[in-house]
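Note sheet for the following structure.
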Amino acid sequence: MRKKQLGVWVVIAAMLISGCGKKAAEKTNEKPTEVPAQVTEEDTSENITQYEGYKLVWNDEFSGTELNSADWNYETHEKGWVNNELQEYIKSESTVYVKDGKLVIKPLQTSNGYASGRVNTQGKHDFKYGRFEARCKVPSGQGYLPAFWMMPTDENLYGQWPRCGEIDIMEVMGQDTKKAYTTIHYGNPHKENQGTYDLAEGSFSESFHTYAVDWEPGKMTWYIDGEKVFSTQNWYTRTDGQGTVTYPAPFDQPFYMILNLAIGGNWVGNPDSSTDADMENQSFEIDYVRVYQKDSYDENVKEPEIKLELRDPDETGNYINNATFDKQESLDDMEDWRFLLANGGKGSAEIKDGQMIIRTEEEGTVDYSVQLIHPKIPFEKGVTYKVTFDAWASDNRSMKVAVKAPNNGWIEYLPTTTVDLTKEKQTFEFEFKMTNRTDDSGRLEYNTGASGSKETIYIDNVRVAKKDGEVVVEDDGKKVLSDGNYVYNGQFQEGENRVGFWTIDNPGDKAQISVSPLEDNRRLTIVVPSGGLKDTPVKISQGELAVTGGTGYEFSFAAEGPKDSVIKVLILGKEESFTLTGGKDTFTVKLDMTGVKEIKYPNITISVDAEGTTKIDNVKLIEDVLIKNGDFSAGFAGFEVYVDSQADASYVVDSQTAGNDNSADFTIKKTGGDDWRIQLKQNNVNLEYGKCYRLTFSARSNKARKIRAIMQGDESHGWAVYSCENIVDLKGDMEYQTFTCSFKMEQATDAKAFLSICLGKVDAEINEQHRVCIDNISLVEIDEKDM
């Protein structure tokens, strides 16, 4: 619900590929029993469904006269906040109210467009695991999207959406109220597991229906009217350039419930005149919300093994089936090629005379409005692929070609490229290296919509093959992580038993070693028996760190243990000792390697021998600079790129194009309506009160435009801007310009300040494709007299 960035056609295509588009085949005969259950004071007269093995732990039957503020929060957001939705969420009795024992969320037309309601239980009723159930009736009409769903109480535990996870218990499109969607969102890039359920009779808008998800460690099961409709066990959370958190993350943390009615947006589409005319009669009604839990849950679960099916190419090495279109079969009957229409596109495709012919009647509003695809192409990490094809048209026009990942967040393996077609047959050739994880379900796309032409397109001799002589090369060597840390799994939440990448030496297994639960922030816990282990300490170590000489480093870690006990650390060949206070300590040491050409011992070893319990966490080794990896020599390590659903941009660290030399290279098709819709960020920059700093960076573009580069605080600091506003003009000649901003930190010290280079709308929204390159970012402390 929160940040779907895909059109309806994507959902339909995903269903076609995965088989989700049919009524769920897997059913159960679960028969809930009607018996008295634990209820709130005002509900004591009611009989509430109980489930064997579960207890009712919270419920709201909406039996009062107004929404209980002790249970629910109102959310207020401007229109377009997510998904390009049209409604403004307001706190008003006209959009959210209780009537006749039901919560009503009412859509309204206003002078500014649309208004609606959104409420949640965050901070009031948060749960980890359980059965979450609501009985609802949804509105009918193009553009409505009611939802009963869940988000993490702390979205930053594993990182922002989609890494944090999202559970959609129910979504129903207003234009198709016979179908309900059940979904989880996760991963990075974004992935989703989705089921659908079609009513055999009636609709979800004509009467009330019960929607539930049973969330257990390692498994989620959805029910509609007591009937099992979907189940999934496969998910993960990771950050590009960092590790994968131990399963069942991200769905192993507290979540809260949300009820809302969205209007319009990327997925459901916008309302039409019939929606507006009937809006007075439509609403999202909720009869009750109930939460059940078992007495306990076993979180010791294993991630299901997923086996990729990497099919072989044909005898010529081509992964495209029917590449020369010699099979004269209908596209409706083909698995190799598919023709899709969406967003106003109208047309047809046929195979005739050994060629694919695409005819367009209406272009539609987006490039994929008229689309030809070849799905299920395997791509192996480390391999370079060549894509070739012949194409021409009945008259001059263009189309777009790309290789994308429908099962991997729709990232582009071969970036979308426009090709210009003429009446003469041309051969087009492209190469790309597969730098992502191996994928058995990539797809080749020809997007012909919204191009300014309806001319007929002809395609032939399509080939996708490994480049001659290419072999798979898997680079397992360590690199600096995307947060700038050279230590892997420094927070002890990855791998088996959450100690992945670490070597643990526990002589004689005398000590007890584990990772504490989430409630204790998952700290490495070492319990040493009476008398201590002075001669045979417990050692945890990690080697082959990707450090190099010629720079300074900062090593830090957090620890808690017996007072006056000592933790010894051997870091990059240097010995350090740290004395504990008996409370929670954070230790930091700087390592000057500027005069060292090669670091002989790129390792760390932490030794613990004191009797009692010692806990260790947040082990870090980073460059001793305010902005890490400012020359992008380590890719995007240390940086985070954000592209909002309103915007359209791709990005890469380009070391191939002349003049780029490892710059951050953005291709922007649409800036969105605010500067922050596209951002290059670096988090956790420590700015100290009263000190002065100079921010410097280089940038260039092939289009004259403005960008904004600032140092600021996060939401807890009101998004305060600490630096000058620093809006700069790019000339548009693709020549680098260097910009400098000096400022004094006038606010309280902020160890979590962040750099934000905003590439969205600064002074004007841009919907024309262009490039912006950023390089050589630095932030240094200066004397006030040098400002």
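Residues in the structure tokens are named by chain (A, B, ... in the order shown) and by number from 1 within that chain; ligands are numbered from 1 in the order shown.
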
Residues within 12 Å of Ala764 (chain A), only C-alpha atoms, excluding chain neighbours under 6 positions, as an MDAnalysis selection string: chainID A and resid 670:675 704:707

If you keep all heavy atoms, can you produce a file of those selected residues as a PDB file, in the first residue's frame?
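After the write, selection_22.pdb holds the following:
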```pdb
ATOM      1  N   LYS A 670      12.178  12.009 -14.921  1.00  0.00           N
ATOM      2  CA  LYS A 670      11.133  12.826 -14.299  1.00  0.00           C
ATOM      3  C   LYS A 670      11.590  13.185 -12.897  1.00  0.00           C
ATOM      4  O   LYS A 670      11.922  12.321 -12.103  1.00  0.00           O
ATOM      5  CB  LYS A 670       9.811  12.051 -14.269  1.00  0.00           C
ATOM      6  CG  LYS A 670       8.628  12.842 -13.758  1.00  0.00           C
ATOM      7  CD  LYS A 670       7.310  12.135 -14.064  1.00  0.00           C
ATOM      8  CE  LYS A 670       7.206  10.801 -13.354  1.00  0.00           C
ATOM      9  NZ  LYS A 670       5.872  10.178 -13.514  1.00  0.00           N
ATOM     10  N   THR A 671      11.601  14.486 -12.577  1.00  0.00           N
ATOM     11  CA  THR A 671      12.117  14.924 -11.287  1.00  0.00           C
ATOM     12  C   THR A 671      11.118  14.754 -10.157  1.00  0.00           C
ATOM     13  O   THR A 671      11.500  14.717  -8.990  1.00  0.00           O
ATOM     14  CB  THR A 671      12.518  16.407 -11.339  1.00  0.00           C
ATOM     15  OG1 THR A 671      11.355  17.196 -11.660  1.00  0.00           O
ATOM     16  CG2 THR A 671      13.613  16.656 -12.354  1.00  0.00           C
ATOM     17  N   GLY A 672       9.826  14.654 -10.473  1.00  0.00           N
ATOM     18  CA  GLY A 672       8.824  14.711  -9.418  1.00  0.00           C
ATOM     19  C   GLY A 672       8.603  16.141  -8.987  1.00  0.00           C
ATOM     20  O   GLY A 672       9.245  17.076  -9.485  1.00  0.00           O
ATOM     21  N   GLY A 673       7.701  16.344  -8.037  1.00  0.00           N
ATOM     22  CA  GLY A 673       7.253  17.684  -7.699  1.00  0.00           C
ATOM     23  C   GLY A 673       7.997  18.375  -6.582  1.00  0.00           C
ATOM     24  O   GLY A 673       7.647  19.499  -6.208  1.00  0.00           O
ATOM     25  N   ASP A 674       9.038  17.734  -5.999  1.00  0.00           N
ATOM     26  CA  ASP A 674       9.807  18.335  -4.910  1.00  0.00           C
ATOM     27  C   ASP A 674      11.274  17.985  -5.076  1.00  0.00           C
ATOM     28  O   ASP A 674      11.623  16.974  -5.696  1.00  0.00           O
ATOM     29  CB  ASP A 674       9.315  17.826  -3.553  1.00  0.00           C
ATOM     30  CG  ASP A 674       7.849  18.109  -3.309  1.00  0.00           C
ATOM     31  OD1 ASP A 674       7.518  19.231  -2.918  1.00  0.00           O
ATOM     32  OD2 ASP A 674       7.033  17.184  -3.546  1.00  0.00           O
ATOM     33  N   ASP A 675      12.153  18.796  -4.461  1.00  0.00           N
ATOM     34  CA  ASP A 675      13.585  18.541  -4.630  1.00  0.00           C
ATOM     35  C   ASP A 675      14.009  17.207  -4.035  1.00  0.00           C
ATOM     36  O   ASP A 675      14.905  16.531  -4.533  1.00  0.00           O
ATOM     37  CB  ASP A 675      14.414  19.700  -4.066  1.00  0.00           C
ATOM     38  CG  ASP A 675      14.239  19.910  -2.567  1.00  0.00           C
ATOM     39  OD1 ASP A 675      13.487  19.141  -1.924  1.00  0.00           O
ATOM     40  OD2 ASP A 675      14.856  20.857  -2.031  1.00  0.00           O
ATOM     41  N   ALA A 704      20.713  22.446 -18.628  1.00  0.00           N
ATOM     42  CA  ALA A 704      20.798  23.545 -17.677  1.00  0.00           C
ATOM     43  C   ALA A 704      19.681  23.393 -16.637  1.00  0.00           C
ATOM     44  O   ALA A 704      18.499  23.328 -16.991  1.00  0.00           O
ATOM     45  CB  ALA A 704      20.684  24.884 -18.389  1.00  0.00           C
ATOM     46  N   ARG A 705      20.052  23.324 -15.389  1.00  0.00           N
ATOM     47  CA  ARG A 705      19.079  23.133 -14.325  1.00  0.00           C
ATOM     48  C   ARG A 705      19.720  23.461 -12.979  1.00  0.00           C
ATOM     49  O   ARG A 705      20.931  23.662 -12.874  1.00  0.00           O
ATOM     50  CB  ARG A 705      18.547  21.700 -14.298  1.00  0.00           C
ATOM     51  CG  ARG A 705      19.604  20.629 -14.055  1.00  0.00           C
ATOM     52  CD  ARG A 705      18.991  19.356 -13.507  1.00  0.00           C
ATOM     53  NE  ARG A 705      18.346  19.600 -12.214  1.00  0.00           N
ATOM     54  CZ  ARG A 705      17.664  18.683 -11.541  1.00  0.00           C
ATOM     55  NH1 ARG A 705      17.519  17.472 -12.043  1.00  0.00           N
ATOM     56  NH2 ARG A 705      17.131  18.962 -10.362  1.00  0.00           N
ATOM     57  N   LYS A 706      18.907  23.492 -11.934  1.00  0.00           N
ATOM     58  CA  LYS A 706      19.388  23.731 -10.583  1.00  0.00           C
ATOM     59  C   LYS A 706      19.342  22.434  -9.778  1.00  0.00           C
ATOM     60  O   LYS A 706      18.472  21.592  -9.993  1.00  0.00           O
ATOM     61  CB  LYS A 706      18.520  24.791  -9.880  1.00  0.00           C
ATOM     62  CG  LYS A 706      18.555  26.175 -10.503  1.00  0.00           C
ATOM     63  CD  LYS A 706      17.644  27.123  -9.737  1.00  0.00           C
ATOM     64  CE  LYS A 706      17.532  28.471 -10.402  1.00  0.00           C
ATOM     65  NZ  LYS A 706      18.811  29.226 -10.381  1.00  0.00           N
ATOM     66  N   ILE A 707      20.300  22.289  -8.859  1.00  0.00           N
ATOM     67  CA  ILE A 707      20.257  21.226  -7.871  1.00  0.00           C
ATOM     68  C   ILE A 707      20.548  21.852  -6.499  1.00  0.00           C
ATOM     69  O   ILE A 707      20.983  23.012  -6.418  1.00  0.00           O
ATOM     70  CB  ILE A 707      21.246  20.084  -8.168  1.00  0.00           C
ATOM     71  CG1 ILE A 707      22.697  20.583  -8.096  1.00  0.00           C
ATOM     72  CG2 ILE A 707      20.945  19.458  -9.519  1.00  0.00           C
ATOM     73  CD1 ILE A 707      23.727  19.469  -8.234  1.00  0.00           C
TER      74      ILE A 707
END
```

Problem set entry | Nearby residues (only C-alpha atoms) at most 7 Å from Tyr722 (chain A), same-chain spacing under 5 positions excluded, as a list in words | Met711, Gln712 and Met745 of chain A

Please dump the current selection as an mmCIF file, in the first residue's frame; keep all heavy atoms.
```cif
data_model
loop_
_atom_site.group_PDB
_atom_site.id
_atom_site.type_symbol
_atom_site.label_atom_id
_atom_site.label_comp_id
_atom_site.auth_asym_id
_atom_site.auth_seq_id
_atom_site.Cartn_x
_atom_site.Cartn_y
_atom_site.Cartn_z
ATOM 1 N N MET A 711 23.484 20.115 4.229
ATOM 2 C CA MET A 711 23.623 19.272 5.414
ATOM 3 C C MET A 711 22.413 19.538 6.284
ATOM 4 O O MET A 711 22.068 20.700 6.546
ATOM 5 C CB MET A 711 24.899 19.603 6.180
ATOM 6 C CG MET A 711 26.182 19.377 5.403
ATOM 7 S SD MET A 711 26.452 17.658 4.889
ATOM 8 C CE MET A 711 26.298 16.791 6.451
ATOM 9 N N GLN A 712 21.744 18.469 6.750
ATOM 10 C CA GLN A 712 20.527 18.678 7.509
ATOM 11 C C GLN A 712 20.324 17.599 8.563
ATOM 12 O O GLN A 712 21.029 16.583 8.585
ATOM 13 C CB GLN A 712 19.309 18.751 6.585
ATOM 14 C CG GLN A 712 18.951 17.475 5.876
ATOM 15 C CD GLN A 712 17.686 17.610 5.023
ATOM 16 O OE1 GLN A 712 17.705 17.329 3.848
ATOM 17 N NE2 GLN A 712 16.598 18.045 5.631
ATOM 18 N N MET A 745 27.872 25.417 12.512
ATOM 19 C CA MET A 745 26.822 24.617 13.131
ATOM 20 C C MET A 745 26.249 25.405 14.302
ATOM 21 O O MET A 745 26.842 25.476 15.378
ATOM 22 C CB MET A 745 27.388 23.277 13.586
ATOM 23 C CG MET A 745 26.360 22.329 14.192
ATOM 24 S SD MET A 745 25.037 21.876 13.053
ATOM 25 C CE MET A 745 24.200 20.603 14.017
#
```

Taking only C-alpha atoms into account, produce a table as JSON lines in which each residue of region 677-781 of chain A with an atom at most 6 Å from an atom of region 640-656 of chain A appears once, together with its shortest atom pair and the distance in Å to one decimal, ordered by chain and rising number.
```
{"residue": "A:Arg677", "atom": "CA", "partner": "A:Asp644", "partner_atom": "CA", "distance": 4.9}
{"residue": "A:Ile678", "atom": "CA", "partner": "A:Val643", "partner_atom": "CA", "distance": 4.6}
{"residue": "A:Gln679", "atom": "CA", "partner": "A:Tyr642", "partner_atom": "CA", "distance": 5.1}
{"residue": "A:Leu680", "atom": "CA", "partner": "A:Val641", "partner_atom": "CA", "distance": 4.8}
{"residue": "A:Lys681", "atom": "CA", "partner": "A:Glu640", "partner_atom": "CA", "distance": 5.0}
```

_Counting only C-alpha atoms, which residue out of A:Val589, A:Leu108, A:Ala559, A:Val762 sits closest to Met279 (chain A)?_
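The shortest atom-to-atom distance to Met279 (chain A) comes from A:Leu108.
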
* Tell me which protein, DNA and RNA residues are within 12 Å of Ile358 (chain A), counting only C-alpha atoms, leaving out same-chain ones fewer than 6 positions away, and put them as JSON, numbers by chain. => {"A": [331, 338, 339, 340, 341, 346, 347, 348, 349, 350, 351, 352, 370, 371, 372, 373, 391, 392, 393, 394, 399, 446, 447, 448, 449, 454, 455, 456, 457, 458, 459, 460]}

Å distance separating CA of Asp252 (chain A) from CA of Val499 (chain A), one decimal place: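 Atom-to-atom, CA of Asp252 (chain A) and CA of Val499 (chain A) are spaced 17.4 Å apart.
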
Spatial neighbours of Asn485 (chain A), 10 Å, only C-alpha atoms, chain gap at least 4 places, as a ChimeraX atom specification:
/A:242,479-481,489-490,545-546,554-555,619-623,628,637-638

Residues near region 632-636 of chain A, cut-off 7 Å, only C-alpha atoms, skip fewer than 2 positions along chain, as a list of chain:residue names: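 With the cut-off at 7 Å, the set is A:Val480, A:Ser482, A:Asn629, A:Gly630, A:Gly638, A:Phe639, A:Val653, A:Asn662, A:Ser663, A:Ala664.
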
Next, dump the selected residues to file, keeping only all heavy atoms, as a PDB file, in the first residue's frame.
```
ATOM      1  N   VAL A 480      34.283  -2.479   0.898  1.00  0.00           N
ATOM      2  CA  VAL A 480      33.679  -1.596   1.879  1.00  0.00           C
ATOM      3  C   VAL A 480      32.172  -1.642   1.695  1.00  0.00           C
ATOM      4  O   VAL A 480      31.661  -1.661   0.571  1.00  0.00           O
ATOM      5  CB  VAL A 480      34.218  -0.155   1.747  1.00  0.00           C
ATOM      6  CG1 VAL A 480      33.953   0.411   0.369  1.00  0.00           C
ATOM      7  CG2 VAL A 480      33.625   0.741   2.823  1.00  0.00           C
ATOM      8  N   SER A 482      28.090  -0.492   1.987  1.00  0.00           N
ATOM      9  CA  SER A 482      27.435   0.727   1.502  1.00  0.00           C
ATOM     10  C   SER A 482      27.278   1.784   2.580  1.00  0.00           C
ATOM     11  O   SER A 482      27.039   2.954   2.281  1.00  0.00           O
ATOM     12  CB  SER A 482      26.070   0.392   0.900  1.00  0.00           C
ATOM     13  OG  SER A 482      25.211  -0.151   1.867  1.00  0.00           O
ATOM     14  N   ASN A 629      34.042   8.046   1.115  1.00  0.00           N
ATOM     15  CA  ASN A 629      33.960   7.618  -0.291  1.00  0.00           C
ATOM     16  C   ASN A 629      33.445   8.746  -1.189  1.00  0.00           C
ATOM     17  O   ASN A 629      32.661   8.523  -2.100  1.00  0.00           O
ATOM     18  CB  ASN A 629      33.059   6.377  -0.408  1.00  0.00           C
ATOM     19  CG  ASN A 629      33.080   5.745  -1.783  1.00  0.00           C
ATOM     20  OD1 ASN A 629      34.109   5.763  -2.460  1.00  0.00           O
ATOM     21  ND2 ASN A 629      31.958   5.208  -2.199  1.00  0.00           N
ATOM     22  N   GLY A 630      33.897   9.948  -0.921  1.00  0.00           N
ATOM     23  CA  GLY A 630      33.404  11.098  -1.688  1.00  0.00           C
ATOM     24  C   GLY A 630      33.804  11.091  -3.144  1.00  0.00           C
ATOM     25  O   GLY A 630      33.213  11.828  -3.951  1.00  0.00           O
ATOM     26  N   GLY A 638      28.745   3.851   1.412  1.00  0.00           N
ATOM     27  CA  GLY A 638      28.609   5.015   2.266  1.00  0.00           C
ATOM     28  C   GLY A 638      27.451   5.913   1.896  1.00  0.00           C
ATOM     29  O   GLY A 638      27.045   6.764   2.688  1.00  0.00           O
ATOM     30  N   PHE A 639      26.901   5.730   0.711  1.00  0.00           N
ATOM     31  CA  PHE A 639      25.817   6.579   0.227  1.00  0.00           C
ATOM     32  C   PHE A 639      24.508   5.797   0.140  1.00  0.00           C
ATOM     33  O   PHE A 639      24.498   4.579   0.027  1.00  0.00           O
ATOM     34  CB  PHE A 639      26.144   7.163  -1.152  1.00  0.00           C
ATOM     35  CG  PHE A 639      27.209   8.220  -1.128  1.00  0.00           C
ATOM     36  CD1 PHE A 639      28.535   7.887  -1.301  1.00  0.00           C
ATOM     37  CD2 PHE A 639      26.879   9.554  -0.904  1.00  0.00           C
ATOM     38  CE1 PHE A 639      29.527   8.857  -1.268  1.00  0.00           C
ATOM     39  CE2 PHE A 639      27.857  10.534  -0.863  1.00  0.00           C
ATOM     40  CZ  PHE A 639      29.185  10.187  -1.041  1.00  0.00           C
ATOM     41  N   VAL A 653      27.490   4.141 -10.665  1.00  0.00           N
ATOM     42  CA  VAL A 653      28.813   4.746 -10.558  1.00  0.00           C
ATOM     43  C   VAL A 653      29.552   4.403 -11.839  1.00  0.00           C
ATOM     44  O   VAL A 653      29.857   3.244 -12.100  1.00  0.00           O
ATOM     45  CB  VAL A 653      29.577   4.240  -9.327  1.00  0.00           C
ATOM     46  CG1 VAL A 653      31.026   4.711  -9.364  1.00  0.00           C
ATOM     47  CG2 VAL A 653      28.909   4.746  -8.061  1.00  0.00           C
ATOM     48  N   ASN A 662      34.618   7.365 -12.046  1.00  0.00           N
ATOM     49  CA  ASN A 662      33.912   6.924 -10.840  1.00  0.00           C
ATOM     50  C   ASN A 662      32.985   7.978 -10.249  1.00  0.00           C
ATOM     51  O   ASN A 662      32.894   8.131  -9.035  1.00  0.00           O
ATOM     52  CB  ASN A 662      34.898   6.469  -9.761  1.00  0.00           C
ATOM     53  CG  ASN A 662      35.570   5.160 -10.107  1.00  0.00           C
ATOM     54  OD1 ASN A 662      34.974   4.295 -10.722  1.00  0.00           O
ATOM     55  ND2 ASN A 662      36.828   5.025  -9.728  1.00  0.00           N
ATOM     56  N   SER A 663      32.267   8.680 -11.072  1.00  0.00           N
ATOM     57  CA  SER A 663      31.286   9.633 -10.558  1.00  0.00           C
ATOM     58  C   SER A 663      29.943   8.943 -10.359  1.00  0.00           C
ATOM     59  O   SER A 663      29.680   7.878 -10.907  1.00  0.00           O
ATOM     60  CB  SER A 663      31.117  10.805 -11.527  1.00  0.00           C
ATOM     61  OG  SER A 663      30.522  10.355 -12.737  1.00  0.00           O
ATOM     62  N   ALA A 664      29.076   9.576  -9.544  1.00  0.00           N
ATOM     63  CA  ALA A 664      27.695   9.116  -9.405  1.00  0.00           C
ATOM     64  C   ALA A 664      26.912   9.700 -10.578  1.00  0.00           C
ATOM     65  O   ALA A 664      26.740  10.914 -10.677  1.00  0.00           O
ATOM     66  CB  ALA A 664      27.111   9.585  -8.087  1.00  0.00           C
TER      67      ALA A 664
END
```

Give me the region 101-144 of chain A side of the contact with region 59-69 of chain A, cut-off 7 Å, one line per residue showing its nearest atom pair and distance in Å at one decimal, counting only C-alpha atoms, sorted by chain and residue number, as a tab-separated table.
```
residue	atom	partner	partner_atom	distance
A:Gly101	CA	A:Ser63	CA	4.5
A:Lys102	CA	A:Phe62	CA	5.3
A:Leu103	CA	A:Phe62	CA	6.1
```

Residue contacts of Gly732 (chain A) (6 Å, only C-alpha atoms) excluding same-chain residues fewer than 3 positions away, as a short mmCIF file (atom, residue, chain, number, x, y, z; two decimals) with N, CA, C and O atoms, in the first residue's frame:
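Contents of result_31.cif, freshly written:
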```cif
data_model
loop_
_atom_site.label_atom_id
_atom_site.label_comp_id
_atom_site.auth_asym_id
_atom_site.auth_seq_id
_atom_site.Cartn_x
_atom_site.Cartn_y
_atom_site.Cartn_z
N SER A 701 25.94 18.43 -15.88
CA SER A 701 24.69 17.95 -16.47
C SER A 701 24.68 18.26 -17.95
O SER A 701 25.40 19.16 -18.42
N ASN A 702 23.87 17.52 -18.68
CA ASN A 702 23.68 17.85 -20.09
C ASN A 702 22.44 18.70 -20.31
O ASN A 702 22.00 18.91 -21.43
N LYS A 703 21.87 19.20 -19.20
CA LYS A 703 20.73 20.11 -19.28
C LYS A 703 20.91 21.19 -18.22
O LYS A 703 21.25 20.91 -17.07
N ALA A 704 20.71 22.45 -18.63
CA ALA A 704 20.80 23.55 -17.68
C ALA A 704 19.68 23.39 -16.64
O ALA A 704 18.50 23.33 -16.99
#
```

Q | Within 8 Å of Glu303 (chain A) using only C-alpha atoms, minus same-chain residues under 4 positions, as a count of residues only | A | 5

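Among the candidates A:Arg238, A:Lys539, A:Lys423, A:Arg443, the one nearest to Ile504 (chain A) when counting only C-alpha atoms is A:Lys539.
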
task = Taking the chain letters and numbering used in this document, name the residues of region 250-416 of chain A that DSSP puts in helix (DSSP H, G or I), as number ranges by chain.
result = A: 273-281, 331-333, 367-369

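The smallest atom-to-atom distance between Val245 (chain A) and any of A:Thr324, A:Ser778, A:Gln491, A:Asn436, using only C-alpha atoms, is found for A:Gln491.
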
**Asked** Taking only C-alpha atoms into account, which of A:Glu52, A:Asp367, A:Asp71, A:Glu445 comes nearest Ala402 (chain A)?
**Response**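 Residue with the minimum atom-to-atom distance to Ala402 (chain A): A:Glu445.
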
Can you list every residue in region 594-626 of chain A that DSSP puts in strand (DSSP E), as a list of chain:residue names?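 Matching residues for strand (DSSP E) in region 594-626 of chain A are A:Ile604, A:Thr605, A:Ile606, A:Ser607, A:Val608, A:Gly612, A:Thr613, A:Thr614, A:Lys615, A:Ile616, A:Asp617, A:Asn618, A:Val619, A:Lys620, A:Leu621, A:Ile622, A:Glu623.
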
Export of prior selection with N, CA, C and O atoms as a CSV table (one decimal), in the first residue's frame:
```csv
chain,number,residue,atom,x,y,z
A,604,ILE,N,40.8,-7.8,12.4
A,604,ILE,CA,40.5,-7.4,13.7
A,604,ILE,C,40.2,-8.6,14.6
A,604,ILE,O,39.6,-9.6,14.1
A,605,THR,N,40.6,-8.6,15.8
A,605,THR,CA,40.4,-9.7,16.8
A,605,THR,C,40.0,-9.0,18.1
A,605,THR,O,40.7,-8.1,18.6
A,606,ILE,N,38.9,-9.4,18.6
A,606,ILE,CA,38.4,-8.9,19.9
A,606,ILE,C,38.4,-10.0,20.9
A,606,ILE,O,37.9,-11.1,20.7
A,607,SER,N,39.1,-9.8,22.1
A,607,SER,CA,39.3,-10.8,23.1
A,607,SER,C,38.6,-10.4,24.4
A,607,SER,O,38.7,-9.3,24.9
A,608,VAL,N,37.9,-11.4,24.9
A,608,VAL,CA,37.2,-11.3,26.2
A,608,VAL,C,37.5,-12.4,27.1
A,608,VAL,O,37.5,-13.6,26.7
A,612,GLY,N,31.8,-13.4,34.0
A,612,GLY,CA,30.5,-12.7,33.9
A,612,GLY,C,30.1,-12.6,32.5
A,612,GLY,O,30.6,-13.2,31.6
A,613,THR,N,29.1,-11.7,32.3
A,613,THR,CA,28.5,-11.5,31.0
A,613,THR,C,29.0,-10.2,30.3
A,613,THR,O,28.9,-9.1,30.9
A,614,THR,N,29.5,-10.3,29.1
A,614,THR,CA,30.0,-9.2,28.3
A,614,THR,C,29.2,-9.2,27.0
A,614,THR,O,29.1,-10.2,26.3
A,615,LYS,N,28.7,-8.0,26.6
A,615,LYS,CA,28.0,-7.8,25.4
A,615,LYS,C,28.7,-6.8,24.5
A,615,LYS,O,29.1,-5.8,24.9
A,616,ILE,N,28.7,-7.2,23.2
A,616,ILE,CA,29.4,-6.4,22.2
A,616,ILE,C,28.5,-6.1,21.0
A,616,ILE,O,27.7,-7.0,20.6
A,617,ASP,N,28.6,-4.9,20.5
A,617,ASP,CA,27.7,-4.5,19.4
A,617,ASP,C,28.3,-3.4,18.6
A,617,ASP,O,29.3,-2.7,19.0
A,618,ASN,N,27.7,-3.1,17.4
A,618,ASN,CA,28.1,-2.0,16.6
A,618,ASN,C,29.6,-1.8,16.3
A,618,ASN,O,30.2,-0.8,16.6
A,619,VAL,N,30.2,-2.9,15.9
A,619,VAL,CA,31.6,-2.9,15.5
A,619,VAL,C,31.8,-2.2,14.2
A,619,VAL,O,31.2,-2.7,13.2
A,620,LYS,N,32.6,-1.2,14.2
A,620,LYS,CA,32.8,-0.4,12.9
A,620,LYS,C,34.2,-0.1,12.7
A,620,LYS,O,35.0,0.2,13.6
A,621,LEU,N,34.6,-0.1,11.4
A,621,LEU,CA,35.9,0.4,11.0
A,621,LEU,C,35.6,1.3,9.7
A,621,LEU,O,35.1,0.8,8.7
A,622,ILE,N,35.7,2.6,9.8
A,622,ILE,CA,35.4,3.5,8.8
A,622,ILE,C,36.5,4.4,8.5
A,622,ILE,O,37.5,4.6,9.3
A,623,GLU,N,36.5,5.1,7.3
A,623,GLU,CA,37.5,6.1,7.0
A,623,GLU,C,37.3,7.3,8.0
A,623,GLU,O,36.2,7.6,8.4
```

With distances taken over only C-alpha atoms, the candidate from A:Asp763, A:Glu78, A:Asp198, A:Glu285 nearest Phe148 (chain A) is A:Glu285
